[in-house]
Amino acid sequence: MKKTAGEATVIVGAQFGDEGKGKIIDAMVPEYDAVVRYQGGNNAGHTVVVGSEKFKMHLLPSGVVRKKRSLIAAGVVLDPRVIKQEIDSLAAKGIKVDEHLLGIDFRTQVIFPWHNARDVARETAAGEGKIGTTGRGIGPAYEDRAARTGIRFGEFIDAKTLAAKIASKTAETGAKSGAKTAANEAKKTLGRIYPDSPDAIVPPAEEIAREYSALGAFLKKFACDACLEVNGLLEAGHRVLFEGAQGTLLDNDFGTYPFVTSSHPIAGGACVGAGVSPRAINRIEGVGKAYVTRVGSGPFPTELNDGIGERIREKGAEYGTTTGRPRRVGWLDIPMLRYADYLNGFTGIHLTKLDVLGGINPLKICFEYQLDGGRAGKTKTSVFPMNSGGFGGVGAAEPVYLELPGFPDLPQAEWRKAAAEGVAKGFSALPEKAREYVEKAGELIGVPILSVSVGPERNEIIWAKK
Ligand code: GDP
Ligand code: IMO
Ligand code: MG
């Protein structure tokens, strides 16, 4: 492979998702020529705040807000109903999403109502043991891709092929001749596995075919070969930003399995999902909150189930962008970020929502874990102990904290002022103890902090001095 003249940067969630990736992408887009979503689907919710306008993107790459070429690559699972709604709602806000702005790879897997039904039915049946999925059909759509029974965007936009696919797809159960349609098949399977679940309902196949061929006709103009386009852009010396969804600890292999999503949010996922070589990637930038949040079930060792957690949740508006569920909240977990660094190879980290910690004194940071119930206090690790008690393995792991002095709970106007001063002063524009918190975090992770966010808006960000 000859060295491309272009620049490729991957933006990755360093924790459990919702780290503020949308905001960081939006801040970086002016320096790039295209933005690419490479995995996940509308389980994602990426927020971009511009003045009084709030954009919440589930499928569209965050680059659309600044009208930069935005691509949905092969590794995404795409719900056509949702993307149509998003396109319509952006039009109402004055952003015309046409085929010059948006491209969708013909290889992208399409989500159908039977995927949502399977997702919801399974979760309902699991009761207390549920994963806490977003119910958007993400897992089942990826299952079908792996089983090679999925329907891809290129087939979906061709009405004849789509009708034939819907009518002949019987692989849901591996059923024999009696099975007539994918939808009926899905219904049969669901009914058998979850007889008590009221959610195991899929519309009749003809109805799905009618609705989805209309959606296909609408979306057809966006079809492209995003793999060729991205490689062509890089070859021609352009700059491409890869927008990760979810977060490292939700990775299907390396996250807190089984409480994970079904794709690979980690940096390598950009190569697999968009069809670019690992050698094409120049920078890998993690986005991490100054604390940690998680939506859904699963291990969360530094979780705060007290008044401090409640305060952070309210101040940080920690309610899911996609489902509105309250997010679980906890102290910053350095071993988690060190593990994330192993998996991603961060060239730097963007630390977000520092403003939210204002007024909490002292602040705690987990800097290592004590293993085996702290036997003689000897067994410690500074990397997230994935294989320990409560994480799916043996032994117990307890977070060990250091305490740092808090910093003032500034009004938003003060943070904005600090951000404005930050253009010249870098992190020195932060209140002293806030800067110390950032510096300590960077030192413990061992990765440069590239920016610190102090509010949801576009300009509420301070870049490190070069
Ligand atoms: P994403 O999924 O990683 O893009 O993150 P979400 O958009 O789901 O959640 C991040 C939330 O925090 C959004 O509501 C953002 O507007 C907001 N946000 C981002 N950065 C900051 C920040 O520095 N301070 C505050 N207070 N809010 C922020
Ligand atoms: P963004 O891109 C936070 C979580 C769900 C659940 C688990 C599996 O906005 O950061 P799924 O529907 O994917 O099968 O659910 O993953 N989850 C997210 N949590 N941010 C996200 O996306 C998420 N996408 C999925 O809550 O625990
Ligand atoms: Mg989100």
# chains A, B, ... in the order shown; residues from 1 in each chain; ligands from 1
$ residues_near_ligand --ligand "ligand 1" --cutoff "7 Å" --atoms "only C-alpha atoms and all ligand atoms" --output "PyMOL selection string"
chain A and resi 13+17-23+44-49+245-246+316-317+320-321+352-356+453-457+460
$ residues_around --residues "Glu443 of chain A" --least-positions-apart "2" --cutoff "12 Å" --atoms "only C-alpha atoms" --output "list in words"
Ile334, Leu337, Arg338, Gly348, Ile349, Phe367, Glu436, Tyr437, Val438, Glu439, Lys440, Ala441, Ile445, Gly446, Val447, Pro448 and Ile449 of chain A
$ write_last_selection --atoms "all heavy atoms" --output "compact mmCIF listing (two decimals), in the first residue's frame"
# COMPACT_ATOMS: atom_id res chain seq x y z
N ILE A 334 -9.40 5.45 36.32
CA ILE A 334 -8.17 5.51 35.52
C ILE A 334 -7.81 4.12 34.94
O ILE A 334 -7.49 4.01 33.76
CB ILE A 334 -6.99 6.08 36.34
CG1 ILE A 334 -7.33 7.52 36.80
CG2 ILE A 334 -5.68 6.03 35.56
CD1 ILE A 334 -7.43 8.56 35.72
N LEU A 337 -9.52 3.60 31.80
CA LEU A 337 -8.96 4.36 30.68
C LEU A 337 -7.62 3.77 30.22
O LEU A 337 -7.28 3.83 29.04
CB LEU A 337 -8.82 5.84 31.05
CG LEU A 337 -10.15 6.56 31.26
CD1 LEU A 337 -9.94 7.96 31.82
CD2 LEU A 337 -10.95 6.62 29.96
N ARG A 338 -6.90 3.18 31.15
CA ARG A 338 -5.63 2.53 30.75
C ARG A 338 -5.91 1.28 29.92
O ARG A 338 -5.22 0.99 28.94
CB ARG A 338 -4.79 2.20 31.99
CG ARG A 338 -4.21 3.48 32.64
CD ARG A 338 -3.57 3.18 33.99
NE ARG A 338 -2.56 2.14 33.89
CZ ARG A 338 -1.29 2.36 33.54
NH1 ARG A 338 -0.89 3.59 33.30
NH2 ARG A 338 -0.44 1.37 33.46
N GLY A 348 -4.31 10.79 22.05
CA GLY A 348 -4.69 11.81 23.01
C GLY A 348 -6.12 11.58 23.48
O GLY A 348 -6.83 10.73 22.94
N ILE A 349 -6.50 12.33 24.53
CA ILE A 349 -7.84 12.17 25.10
C ILE A 349 -8.52 13.54 25.23
O ILE A 349 -7.87 14.52 25.60
CB ILE A 349 -7.77 11.47 26.48
CG1 ILE A 349 -7.51 9.96 26.27
CG2 ILE A 349 -9.03 11.68 27.31
CD1 ILE A 349 -7.52 9.13 27.50
N PHE A 367 -7.46 5.04 41.06
CA PHE A 367 -6.19 4.95 40.32
C PHE A 367 -5.67 3.53 40.20
O PHE A 367 -4.78 3.24 39.42
CB PHE A 367 -5.12 5.88 40.93
CG PHE A 367 -4.65 5.44 42.29
CD1 PHE A 367 -3.45 4.77 42.44
CD2 PHE A 367 -5.40 5.72 43.41
CE1 PHE A 367 -3.00 4.36 43.69
CE2 PHE A 367 -4.97 5.32 44.68
CZ PHE A 367 -3.78 4.64 44.82
N GLU A 436 -5.53 21.15 38.08
CA GLU A 436 -4.78 20.07 38.74
C GLU A 436 -5.47 18.72 38.55
O GLU A 436 -4.82 17.69 38.37
CB GLU A 436 -4.65 20.38 40.24
CG GLU A 436 -3.56 21.40 40.50
CD GLU A 436 -3.51 21.87 41.97
OE1 GLU A 436 -4.05 21.17 42.86
OE2 GLU A 436 -2.94 22.95 42.18
N TYR A 437 -6.81 18.74 38.58
CA TYR A 437 -7.58 17.50 38.37
C TYR A 437 -7.28 16.94 36.97
O TYR A 437 -7.01 15.74 36.80
CB TYR A 437 -9.07 17.80 38.52
CG TYR A 437 -9.98 16.59 38.42
CD1 TYR A 437 -10.29 15.80 39.53
CD2 TYR A 437 -10.56 16.23 37.19
CE1 TYR A 437 -11.13 14.71 39.44
CE2 TYR A 437 -11.40 15.14 37.09
CZ TYR A 437 -11.69 14.38 38.21
OH TYR A 437 -12.54 13.29 38.11
N VAL A 438 -7.30 17.83 35.98
CA VAL A 438 -7.05 17.42 34.59
C VAL A 438 -5.62 16.89 34.44
O VAL A 438 -5.38 15.84 33.83
CB VAL A 438 -7.28 18.62 33.62
CG1 VAL A 438 -6.82 18.29 32.21
CG2 VAL A 438 -8.74 19.04 33.64
N GLU A 439 -4.68 17.62 35.03
CA GLU A 439 -3.28 17.21 34.90
C GLU A 439 -3.04 15.86 35.57
O GLU A 439 -2.33 15.01 35.03
CB GLU A 439 -2.36 18.28 35.51
CG GLU A 439 -2.20 19.47 34.58
CD GLU A 439 -1.50 20.66 35.25
OE1 GLU A 439 -1.15 20.58 36.46
OE2 GLU A 439 -1.32 21.66 34.54
N LYS A 440 -3.68 15.66 36.72
CA LYS A 440 -3.50 14.39 37.44
C LYS A 440 -4.06 13.24 36.61
O LYS A 440 -3.43 12.19 36.49
CB LYS A 440 -4.23 14.47 38.80
CG LYS A 440 -3.91 13.32 39.73
CD LYS A 440 -2.50 13.47 40.27
CE LYS A 440 -1.98 12.26 40.97
NZ LYS A 440 -0.55 12.37 41.29
N ALA A 441 -5.25 13.48 36.03
CA ALA A 441 -5.87 12.43 35.21
C ALA A 441 -4.95 12.07 34.04
O ALA A 441 -4.68 10.89 33.79
CB ALA A 441 -7.24 12.88 34.72
N ILE A 445 -3.25 8.39 33.45
CA ILE A 445 -3.59 7.59 32.25
C ILE A 445 -2.33 7.39 31.41
O ILE A 445 -2.14 6.35 30.78
CB ILE A 445 -4.68 8.27 31.37
CG1 ILE A 445 -5.92 8.65 32.19
CG2 ILE A 445 -5.12 7.34 30.24
CD1 ILE A 445 -6.81 9.68 31.49
N GLY A 446 -1.49 8.40 31.38
CA GLY A 446 -0.27 8.32 30.59
C GLY A 446 -0.52 8.69 29.13
O GLY A 446 0.20 8.24 28.23
N VAL A 447 -1.55 9.50 28.90
CA VAL A 447 -1.90 9.92 27.54
C VAL A 447 -2.15 11.43 27.59
O VAL A 447 -2.77 11.93 28.54
CB VAL A 447 -3.20 9.19 27.07
CG1 VAL A 447 -3.70 9.76 25.77
CG2 VAL A 447 -2.96 7.69 26.94
N PRO A 448 -1.67 12.18 26.57
CA PRO A 448 -1.90 13.64 26.61
C PRO A 448 -3.39 13.99 26.58
O PRO A 448 -4.15 13.36 25.86
CB PRO A 448 -1.23 14.15 25.34
CG PRO A 448 -0.45 13.02 24.78
CD PRO A 448 -0.92 11.75 25.40
N ILE A 449 -3.77 15.00 27.37
CA ILE A 449 -5.14 15.51 27.32
C ILE A 449 -5.15 16.60 26.23
O ILE A 449 -4.42 17.59 26.33
CB ILE A 449 -5.58 16.12 28.67
CG1 ILE A 449 -5.41 15.09 29.82
CG2 ILE A 449 -7.03 16.62 28.60
CD1 ILE A 449 -6.33 13.92 29.81
$ closest_residue --among "A:Tyr319, A:Phe218, A:Phe153, A:Trp114" --to "Gly135 of chain A" --atoms "only C-alpha atoms"
A:Trp114
$ residues_near_ligand --ligand "ligand 2" --cutoff "9 Å" --atoms "only C-alpha atoms and all ligand atoms" --output "NGL selection string"
:A and (13 or 15-22 or 40-47 or 57-58 or 119 or 131-140 or 244-247 or 250-251 or 258-263 or 265 or 293-298 or 320-323 or 325 or 327)
$ residues_around --residues "segment 302-311 of chain A" --least-positions-apart "6" --cutoff "8 Å" --atoms "only C-alpha atoms" --output "list in words"
Arg328, Val329, Gly330, Trp331, Leu332, Asp333, Ile360, Cys366 and Pro399 of chain A
$ residues_around --residues "Val35 of chain A" --least-positions-apart "3" --cutoff "12 Å" --atoms "only C-alpha atoms" --output "PyMOL selection string"
chain A and resi 8-11+22+25-26+28-32+38+60-73+101-103+226+229-230+233+238-244+270+274
$ residues_around --residues "Asp88 of chain A" --least-positions-apart "6" --cutoff "12 Å" --atoms "only C-alpha atoms" --output "ChimeraX atom specification"
/A:60,81-82,94-98,218
$ residues_around --residues "Met336 of chain A" --least-positions-apart "6" --cutoff "9 Å" --atoms "only C-alpha atoms" --output "JSON, numbers by chain"
{"A": [14, 15, 249, 382, 383, 384, 385]}
$ atom_distance --atom1 "atom CA of Lys160 of chain A" --atom2 "atom CA of Arg148 of chain A"
19.8 Å
$ closest_residue --among "A:Leu402, A:Ile312, A:Leu351, A:Ile157" --to "Phe222 of chain A" --atoms "only C-alpha atoms"
A:Ile157
$ closest_residue --among "A:Asp341, A:Glu403, A:Glu207, A:Glu7" --to "Gly288 of chain A" --atoms "only C-alpha atoms"
A:Asp341
$ residues_around --residues "segment 418-428 of chain A" --least-positions-apart "5" --cutoff "6 Å" --atoms "only C-alpha atoms" --output "ChimeraX atom specification"
/A:460-465
$ select_by_dssp --residues "segment 12-202 of chain A" --states "strand (DSSP E)" --output "list in words"
Val12, Gly13, Ala34, Val35, Val36, Arg37, His46, Thr47, Val48, Val49, Val50, Glu53, Lys54, Phe55, Lys56, Met57, Arg69, Ser70, Leu71, Ile72, Val77, Leu78, Leu102, Gly103, Ile104, Asp105, Gln109 and Val110 of chain A
$ select_by_dssp --residues "segment 263-395 of chain A" --states "helix (DSSP H, G or I)" --output "JSON, numbers by chain"
{"A": [268, 269, 270, 271, 272, 273, 274, 278, 279, 280, 307, 308, 309, 310, 311, 312, 313, 314, 315, 334, 335, 336, 337, 338, 339, 340, 341, 342, 343, 344, 354, 355, 356, 357, 372, 373, 374, 375, 376, 377]}
$ closest_residue --among "A:Leu357, A:Ala280, A:Ala5, A:Val287" --to "ligand 3" --atoms "only C-alpha atoms and all ligand atoms"
A:Val287
$ atom_distance --atom1 "atom CA of Ala92 of chain A" --atom2 "atom CA of Lys56 of chain A"
13.6 Å
